[in-house]
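Engineer: The file below is structure_0.pdb, PDB, C-alpha atoms:
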```
ATOM      1  CA  MET A   1      -9.493   4.511 -16.089
ATOM      2  CA  SER A   2      -6.571   3.817 -13.792
ATOM      3  CA  SER A   3      -7.733   3.269 -10.237
ATOM      4  CA  LYS A   4      -4.850   5.512  -9.155
ATOM      5  CA  LEU A   5      -6.841   8.398 -10.607
ATOM      6  CA  GLN A   6      -9.460   7.700  -7.959
ATOM      7  CA  VAL A   7      -8.770   9.735  -4.836
ATOM      8  CA  LEU A   8      -8.547   8.203  -1.402
ATOM      9  CA  THR A   9     -11.928   7.932   0.300
ATOM     10  CA  PRO A  10     -13.035   6.547   3.663
ATOM     11  CA  GLN A  11     -14.590   3.658   1.740
ATOM     12  CA  ASN A  12     -11.666   2.560  -0.433
ATOM     13  CA  SER A  13      -8.820   2.857   2.086
ATOM     14  CA  GLN A  14      -7.199   0.917   4.881
ATOM     15  CA  ILE A  15      -4.000   1.684   6.749
ATOM     16  CA  ILE A  16      -1.027  -0.220   8.100
ATOM     17  CA  PHE A  17       1.559   1.024  10.581
ATOM     18  CA  ILE A  18       4.803  -0.918  10.275
ATOM     19  CA  ASP A  19       7.353  -1.071  13.104
ATOM     20  CA  GLN A  20       6.612   2.275  14.727
ATOM     21  CA  GLN A  21       8.871   1.247  17.590
ATOM     22  CA  PRO A  22      11.606   3.085  19.516
ATOM     23  CA  GLN A  23      14.645   1.082  18.434
ATOM     24  CA  MET A  24      13.618   1.571  14.824
ATOM     25  CA  ALA A  25      13.091   5.299  15.428
ATOM     26  CA  PHE A  26      16.549   5.601  17.015
ATOM     27  CA  GLY A  27      18.054   4.861  13.605
ATOM     28  CA  VAL A  28      15.952   7.399  11.704
ATOM     29  CA  GLN A  29      17.996  10.287  10.310
ATOM     30  CA  SER A  30      15.787  11.450   7.429
ATOM     31  CA  ILE A  31      13.270  13.380   9.541
ATOM     32  CA  ASP A  32      13.212  14.860  13.026
ATOM     33  CA  ARG A  33      11.975  12.039  15.234
ATOM     34  CA  GLN A  34       9.561  14.173  17.231
ATOM     35  CA  VAL A  35       8.058  15.430  13.967
ATOM     36  CA  LEU A  36       7.874  11.823  12.790
ATOM     37  CA  LYS A  37       5.946  10.736  15.862
ATOM     38  CA  ASN A  38       3.631  13.749  15.618
ATOM     39  CA  ASN A  39       2.840  12.815  12.025
ATOM     40  CA  VAL A  40       2.311   9.130  12.820
ATOM     41  CA  VAL A  41      -0.105   9.933  15.644
ATOM     42  CA  GLY A  42      -1.882  12.552  13.528
ATOM     43  CA  LEU A  43      -2.340   9.992  10.763
ATOM     44  CA  ALA A  44      -3.697   7.431  13.236
ATOM     45  CA  LYS A  45      -6.188   9.977  14.563
ATOM     46  CA  ALA A  46      -7.242  10.772  11.008
ATOM     47  CA  ALA A  47      -7.900   7.087  10.410
ATOM     48  CA  ARG A  48      -9.974   6.957  13.585
ATOM     49  CA  ILE A  49     -12.070   9.946  12.536
ATOM     50  CA  PHE A  50     -12.980   8.300   9.235
ATOM     51  CA  ASN A  51     -13.291   4.739  10.577
ATOM     52  CA  ILE A  52     -10.434   3.485   8.414
ATOM     53  CA  PRO A  53      -9.507  -0.130   9.278
ATOM     54  CA  THR A  54      -6.093  -0.047  10.912
ATOM     55  CA  THR A  55      -3.422  -2.744  11.071
ATOM     56  CA  ILE A  56      -0.439  -2.439  13.412
ATOM     57  CA  THR A  57       2.505  -4.763  12.939
ATOM     58  CA  THR A  58       5.784  -4.983  14.846
ATOM     59  CA  VAL A  59       9.095  -6.771  14.532
ATOM     60  CA  GLU A  60      11.107  -8.422  17.331
ATOM     61  CA  THR A  61       9.425  -6.354  20.035
ATOM     62  CA  ASP A  62      10.961  -8.082  23.053
ATOM     63  CA  SER A  63      14.416  -8.853  21.699
ATOM     64  CA  PHE A  64      15.227  -5.666  19.812
ATOM     65  CA  SER A  65      12.698  -3.059  18.727
ATOM     66  CA  GLY A  66      10.709  -2.242  21.863
ATOM     67  CA  ASN A  67       7.032  -1.490  22.269
ATOM     68  CA  THR A  68       5.009   0.456  19.718
ATOM     69  CA  PHE A  69       4.825   4.180  20.430
ATOM     70  CA  PRO A  70       2.318   4.505  23.296
ATOM     71  CA  GLU A  71       0.839   7.621  21.696
ATOM     72  CA  LEU A  72      -0.064   5.523  18.651
ATOM     73  CA  LEU A  73      -1.534   2.688  20.700
ATOM     74  CA  ALA A  74      -3.614   5.174  22.698
ATOM     75  CA  VAL A  75      -5.419   6.135  19.487
ATOM     76  CA  VAL A  76      -6.420   2.525  18.745
ATOM     77  CA  PRO A  77      -6.316   0.790  22.144
ATOM     78  CA  ASP A  78      -8.385  -2.200  21.017
ATOM     79  CA  ASN A  79      -6.243  -3.063  17.989
ATOM     80  CA  ASP A  80      -4.339  -6.321  17.922
ATOM     81  CA  ILE A  81      -0.598  -5.975  17.314
ATOM     82  CA  LEU A  82       0.716  -8.404  14.718
ATOM     83  CA  GLU A  83       4.215  -9.516  15.717
ATOM     84  CA  ARG A  84       6.726 -10.713  13.113
ATOM     85  CA  THR A  85      10.269 -11.976  12.724
ATOM     86  CA  SER A  86      10.687 -10.955   9.077
ATOM     87  CA  MET A  87      11.670  -7.419   8.137
ATOM     88  CA  ASN A  88       9.170  -7.764   5.298
ATOM     89  CA  SER A  89       5.636  -7.611   6.697
ATOM     90  CA  TRP A  90       4.320  -9.392   3.608
ATOM     91  CA  ASP A  91       6.119 -12.547   4.793
ATOM     92  CA  ASP A  92       3.703 -12.791   7.735
ATOM     93  CA  GLN A  93       0.383 -14.521   7.113
ATOM     94  CA  ASN A  94      -1.429 -12.619   9.856
ATOM     95  CA  VAL A  95      -0.581  -9.353   8.104
ATOM     96  CA  ARG A  96      -1.722 -10.714   4.743
ATOM     97  CA  ASP A  97      -4.986 -11.937   6.267
ATOM     98  CA  ALA A  98      -5.700  -8.608   7.992
ATOM     99  CA  LEU A  99      -5.221  -6.680   4.757
ATOM    100  CA  ALA A 100      -7.173  -9.215   2.699
ATOM    101  CA  LYS A 101     -10.133  -9.029   5.065
ATOM    102  CA  HIS A 102     -10.565  -5.317   4.392
ATOM    103  CA  ALA A 103      -9.591  -5.534   0.722
ATOM    104  CA  ALA A 104     -12.513  -7.916   0.278
ATOM    105  CA  ASP A 105     -14.739  -4.979   1.254
ATOM    106  CA  GLY A 106     -13.277  -2.862  -1.536
ATOM    107  CA  ARG A 107     -10.467  -1.297   0.509
ATOM    108  CA  LYS A 108      -7.615  -2.015  -1.878
ATOM    109  CA  LYS A 109      -5.821   1.279  -1.365
ATOM    110  CA  ILE A 110      -3.318   0.525   1.410
ATOM    111  CA  VAL A 111      -1.963   3.579   3.211
ATOM    112  CA  VAL A 112       1.438   2.736   4.719
ATOM    113  CA  ALA A 113       3.489   4.457   7.442
ATOM    114  CA  GLY A 114       6.541   2.586   8.638
ATOM    115  CA  LEU A 115      10.161   2.366   9.734
ATOM    116  CA  TRP A 116      12.522   2.088   7.960
ATOM    117  CA  THR A 117      11.560   3.376   4.532
ATOM    118  CA  GLU A 118      14.376   1.572   2.744
ATOM    119  CA  VAL A 119      13.798  -1.814   4.352
ATOM    120  CA  CYS A 120      10.445  -2.615   5.914
ATOM    121  CA  ASN A 121       8.403  -0.222   3.792
ATOM    122  CA  THR A 122      10.058  -1.006   0.473
ATOM    123  CA  THR A 123      10.051  -4.781   0.765
ATOM    124  CA  PHE A 124       6.441  -4.793   1.941
ATOM    125  CA  ALA A 125       5.276  -2.495  -0.846
ATOM    126  CA  LEU A 126       7.031  -4.356  -3.659
ATOM    127  CA  SER A 127       6.017  -7.804  -2.416
ATOM    128  CA  CYS A 128       2.419  -6.828  -1.752
ATOM    129  CA  MET A 129       1.966  -5.275  -5.181
ATOM    130  CA  ASN A 130       3.701  -8.221  -6.845
ATOM    131  CA  ASP A 131       1.218 -10.683  -5.344
ATOM    132  CA  THR A 132      -2.060  -8.703  -5.326
ATOM    133  CA  ASP A 133      -4.020  -5.966  -7.047
ATOM    134  CA  TYR A 134      -3.691  -3.681  -4.020
ATOM    135  CA  GLU A 135      -2.388  -0.136  -4.403
ATOM    136  CA  ILE A 136       0.176   1.256  -1.963
ATOM    137  CA  TYR A 137       0.083   4.854  -0.770
ATOM    138  CA  MET A 138       3.344   5.507   1.083
ATOM    139  CA  VAL A 139       3.122   8.273   3.690
ATOM    140  CA  ALA A 140       6.542   9.843   3.288
ATOM    141  CA  ASP A 141       6.446  12.087   6.357
ATOM    142  CA  ALA A 142       5.102   9.374   8.678
ATOM    143  CA  SER A 143       7.953   7.086   7.631
ATOM    144  CA  GLY A 144      11.685   7.423   8.112
ATOM    145  CA  GLY A 145      14.975   6.082   6.830
ATOM    146  CA  THR A 146      18.476   5.785   8.240
ATOM    147  CA  SER A 147      19.634   8.764   6.172
ATOM    148  CA  VAL A 148      18.126  11.388   3.900
ATOM    149  CA  ASP A 149      19.462   9.449   0.908
ATOM    150  CA  ALA A 150      18.162   6.121   2.224
ATOM    151  CA  HIS A 151      14.653   7.546   2.523
ATOM    152  CA  LYS A 152      14.764   9.445  -0.767
ATOM    153  CA  TYR A 153      16.061   6.620  -2.926
ATOM    154  CA  ALA A 154      13.725   4.113  -1.313
ATOM    155  CA  MET A 155      10.799   6.416  -2.102
ATOM    156  CA  ASP A 156      12.135   6.826  -5.663
ATOM    157  CA  ARG A 157      12.417   3.071  -6.091
ATOM    158  CA  MET A 158       8.886   2.514  -4.843
ATOM    159  CA  VAL A 159       7.455   5.273  -7.042
ATOM    160  CA  GLN A 160       9.154   3.701 -10.064
ATOM    161  CA  ALA A 161       7.350   0.471  -9.170
ATOM    162  CA  GLY A 162       3.965   2.199  -8.925
ATOM    163  CA  VAL A 163       3.696   3.213  -5.277
ATOM    164  CA  VAL A 164       1.892   6.532  -4.739
ATOM    165  CA  PRO A 165       3.809   8.967  -2.478
ATOM    166  CA  VAL A 166       1.677  11.010  -0.077
ATOM    167  CA  THR A 167       1.971  12.984   3.167
ATOM    168  CA  TRP A 168      -0.123  12.479   6.279
ATOM    169  CA  GLN A 169      -2.033  15.755   6.041
ATOM    170  CA  GLN A 170      -2.719  15.111   2.360
ATOM    171  CA  VAL A 171      -4.320  11.789   3.337
ATOM    172  CA  LEU A 172      -6.413  13.472   6.054
ATOM    173  CA  LEU A 173      -7.739  16.161   3.728
ATOM    174  CA  GLU A 174      -8.331  13.726   0.885
ATOM    175  CA  TRP A 175     -10.534  11.666   3.202
ATOM    176  CA  GLN A 176     -12.408  14.828   4.266
ATOM    177  CA  ARG A 177     -12.586  16.181   0.699
ATOM    178  CA  ASP A 178     -15.447  18.623   1.285
ATOM    179  CA  TRP A 179     -15.848  20.990   4.250
ATOM    180  CA  ALA A 180     -19.609  20.614   3.805
ATOM    181  CA  ARG A 181     -19.222  17.137   5.335
ATOM    182  CA  LYS A 182     -20.105  18.410   8.774
ATOM    183  CA  GLN A 183     -20.101  15.012  10.480
ATOM    184  CA  THR A 184     -16.288  15.032  10.433
ATOM    185  CA  TYR A 185     -15.620  18.780  10.180
ATOM    186  CA  GLU A 186     -15.062  19.476  13.865
ATOM    187  CA  ALA A 187     -12.913  16.398  14.415
ATOM    188  CA  VAL A 188     -10.709  17.200  11.428
ATOM    189  CA  THR A 189     -10.174  20.841  12.381
ATOM    190  CA  SER A 190      -9.451  19.820  15.976
ATOM    191  CA  LEU A 191      -6.865  17.336  14.716
ATOM    192  CA  VAL A 192      -5.282  19.991  12.517
ATOM    193  CA  LYS A 193      -4.999  22.382  15.468
ATOM    194  CA  GLU A 194      -3.165  19.744  17.476
ATOM    195  CA  HIS A 195      -0.883  18.168  14.870
ATOM    196  CA  SER A 196      -0.572  20.424  11.798
ATOM    197  CA  GLY A 197       1.782  23.130  13.009
ATOM    198  CA  ALA A 198       1.353  26.443  11.187
ATOM    199  CA  TYR A 199      -1.898  25.302   9.570
ATOM    200  CA  GLY A 200      -3.414  24.633  12.984
ATOM    201  CA  MET A 201      -2.065  27.902  14.386
ATOM    202  CA  GLY A 202      -3.680  29.680  11.458
ATOM    203  CA  ILE A 203      -7.059  28.159  12.264
ATOM    204  CA  ASP A 204      -6.770  29.269  15.896
ATOM    205  CA  TYR A 205      -5.883  32.794  14.753
ATOM    206  CA  ALA A 206      -8.738  32.928  12.251
ATOM    207  CA  VAL A 207     -11.274  31.770  14.839
ATOM    208  CA  THR A 208     -10.273  34.363  17.444
ATOM    209  CA  HIS A 209      -8.978  37.344  15.493
ATOM    210  CA  VAL A 210     -10.917  37.151  12.230
ATOM    211  CA  HIS A 211     -14.246  35.665  13.304
ATOM    212  CA  GLY A 212     -14.237  36.869  16.915
ATOM    213  CA  GLY A 213     -14.650  33.415  18.381
ATOM    214  CA  ALA A 214     -13.577  32.274  21.813
ATOM    215  CA  GLU A 215     -10.179  30.807  22.553
ATOM    216  CA  ARG A 216     -10.270  27.019  22.782
ATOM    217  CA  VAL A 217      -8.639  26.907  26.205
ATOM    218  CA  SER A 218      -9.293  28.774  29.428
ATOM    219  CA  HIS A 219      -6.406  30.556  31.104
ATOM    220  CA  GLY A 220      -5.508  33.146  33.683
ATOM    221  CA  LYS A 221      -6.144  36.858  33.317
ATOM    222  CA  ARG A 222      -4.051  38.842  30.837
ATOM    223  CA  ILE A 223      -2.267  41.487  32.934
ATOM    224  CA  GLY A 224      -0.491  44.580  31.612
ATOM    225  CA  PRO A 225       1.236  46.136  29.874
ATOM    226  CA  ASN A 226       2.869  47.967  32.769
ATOM    227  CA  PRO A 227       6.019  49.795  31.614
ATOM    228  CA  ALA A 228       8.782  49.789  34.199
ATOM    229  CA  LYS A 229       9.533  53.197  35.750
TER
END
```
For this file, write the structure as structure tokens.
Structural biologist:
Amino acid sequence: MSSKLQVLTPQNSQIIFIDQQPQMAFGVQSIDRQVLKNNVVGLAKAARIFNIPTTITTVETDSFSGNTFPELLAVVPDNDILERTSMNSWDDQNVRDALAKHAADGRKKIVVAGLWTEVCNTTFALSCMNDTDYEIYMVADASGGTSVDAHKYAMDRMVQAGVVPVTWQQVLLEWQRDWARKQTYEAVTSLVKEHSGAYGMGIDYAVTHVHGGAERVSHGKRIGPNPAK
């Protein structure tokens, strides 16, 4: 059986964030950049909930790309940041060693979110798969390219080579898998409320207006209506 038929689990996965830095984001035109950052941070929080080993790597931080998004670093404040000169993360031994350490524990499914899709993500994915038996799961909506076409055709090229395309919420829910897993239920639904747009709004509505639960924030009194005379 192909291992790609095995779903992502908290035991078989690790994650790498590649070049989630402002100068790289400035060039992104394939996705709204605020949506991109929301998705990146949501994915990082998902990894934290399920104790997924997380690698963060950056390129030319001081001379060009700037510091990693602070919202991402706040999720994993104790993580080392692996600095590189090469656009291809696979060219850096520290990155290879970090991934190999967790792959040795059976975590050979590498979830990837990076900038830019057509450069740093593609070269990493192809080189990594060429040299190892790792599988790459490319998070399309937590990655971005310099144009819609650049992102699309890079994703197409990677898929042709065997990369598995996913979205950040898909990864989150695949890790959760079963709502009977109560140890992560509250954390996952809280994450969804914060980062999943309409899905999260729907949960808030269901809690208050379907199940009669309390609102999740306190606020001032609701006053009115008071039609003007």
Engineer: Excluding A:Glu60 and any residue of its chain fewer than 6 positions from it, enumerate the residues within 10 Å of it, using all atoms listed in the file, and give them as JSON, numbers by chain.
Structural biologist: {"A": [19, 21, 66, 67, 83, 84, 85, 86, 87]}
Engineer: Can you work out which one of A:Pro22, A:Pro10, A:Gly42, A:Gly224 has the shortest atom-to-atom distance to A:Leu191, counting only C-alpha atoms?
Structural biologist: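 For A:Leu191, the nearest of the given residues is A:Gly42.
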Engineer: Care to translate the PyMOL selection byres ((chain A and resi 162) around 12) into actual residues of this file, as an MDAnalysis selection string?
Structural biologist: chainID A and resid 2:4 122 125:126 128:130 133:138 155:161 163:165
Engineer: Would you write out, as a list in words, every residue that the PyMOL selection byres ((chain A and resi 98) around 10) captures in this file?
Structural biologist: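 So the PyMOL selection byres ((chain A and resi 98) around 10) ends up selecting Ile16, Pro53, Thr54, Thr55, Ile56, Leu82, Gln93, Asn94, Val95, Arg96, Asp97, Leu99, Ala100, Lys101, His102 and Ala103 of chain A.
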Engineer: Find, counting only C-alpha atoms, the residue in A:Ser127, A:Gln11, A:Thr117, A:Gln6 that gets nearest to A:Tyr153.
Structural biologist: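 Going through A:Ser127, A:Gln11, A:Thr117, A:Gln6 one by one, the smallest distance to A:Tyr153 is for A:Thr117.
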Engineer: Mind telling me what the PyMOL selection byres ((chain A and resi 184) around 12) catches here, as a compact mmCIF listing (two decimals) with C-alpha atoms, keeping the file's coordinate frame?
Structural biologist:
```
# COMPACT_ATOMS: atom_id res chain seq x y z
CA PRO A 10 -13.04 6.55 3.66
CA ALA A 46 -7.24 10.77 11.01
CA ALA A 47 -7.90 7.09 10.41
CA ARG A 48 -9.97 6.96 13.58
CA ILE A 49 -12.07 9.95 12.54
CA PHE A 50 -12.98 8.30 9.24
CA ASN A 51 -13.29 4.74 10.58
CA LEU A 172 -6.41 13.47 6.05
CA LEU A 173 -7.74 16.16 3.73
CA TRP A 175 -10.53 11.67 3.20
CA GLN A 176 -12.41 14.83 4.27
CA ARG A 177 -12.59 16.18 0.70
CA ASP A 178 -15.45 18.62 1.28
CA TRP A 179 -15.85 20.99 4.25
CA ALA A 180 -19.61 20.61 3.80
CA ARG A 181 -19.22 17.14 5.34
CA LYS A 182 -20.10 18.41 8.77
CA GLN A 183 -20.10 15.01 10.48
CA TYR A 185 -15.62 18.78 10.18
CA GLU A 186 -15.06 19.48 13.86
CA ALA A 187 -12.91 16.40 14.42
CA VAL A 188 -10.71 17.20 11.43
CA THR A 189 -10.17 20.84 12.38
CA SER A 190 -9.45 19.82 15.98
CA LEU A 191 -6.86 17.34 14.72
```
Engineer: Stretch 89-134 of chain A near stretch 31-36 of chain A within 12 Å: what's each residue's closest atom pair and its distance in Å to one decimal, counting only C-alpha atoms, ordered by chain then ascending residue number, as JSON lines?
Structural biologist:
```
{"residue": "A:Ala113", "atom": "CA", "partner": "A:Leu36", "partner_atom": "CA", "distance": 10.1}
{"residue": "A:Gly114", "atom": "CA", "partner": "A:Leu36", "partner_atom": "CA", "distance": 10.2}
{"residue": "A:Leu115", "atom": "CA", "partner": "A:Leu36", "partner_atom": "CA", "distance": 10.2}
{"residue": "A:Trp116", "atom": "CA", "partner": "A:Ile31", "partner_atom": "CA", "distance": 11.4}
{"residue": "A:Thr117", "atom": "CA", "partner": "A:Ile31", "partner_atom": "CA", "distance": 11.3}
```
Engineer: Looking at A:Gly145, A:Ser30, A:Glu194, A:Lys109, which one is nearest to A:Lys45, with distances taken over only C-alpha atoms?
Structural biologist: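 Closest candidate: A:Glu194.
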Engineer: Between atom CA of A:Val112 and atom CA of A:Val75, what is the distance, to one decimal in Å?
Structural biologist: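 Computing the Euclidean distance for atom CA of A:Val112 and atom CA of A:Val75 yields 16.6 Å.
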Engineer: Can you tell me how far atom CA of A:Thr132 sits from atom CA of A:Cys120, in Å to one decimal?
Structural biologist: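 The value is 17.9 Å.
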Engineer: Just to confirm, what's the straight-line distance from atom CA of A:Ser13 to atom CA of A:Arg107 in Å (one decimal)?
Structural biologist: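 Atom-to-atom, atom CA of A:Ser13 and atom CA of A:Arg107 are spaced 4.7 Å apart.
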Engineer: Ranking A:Ser65, A:Asn79, A:Ser147, A:Asn121 by minimum distance to A:Val28 and counting all atoms listed in the file, which one comes first?
Structural biologist: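 Residue with the minimum atom-to-atom distance to A:Val28: A:Ser147.
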Engineer: For stretch 156-175 of chain A, what centre and edge lengths in Å (one decimal) does the axis-aligned box get once 8 Å is added on each side of all its listed atoms, as JSON?
Structural biologist:
```
{"center_x": 0.9, "center_y": 8.3, "center_z": -1.9, "size_x": 39.0, "size_y": 31.7, "size_z": 32.3}
```
Engineer: So which one's closest to A:Ser196, A:Asn39, A:Trp90, A:Ala214, A:Asp149? Using all atoms listed in the file, please.
Structural biologist: A:Asn39
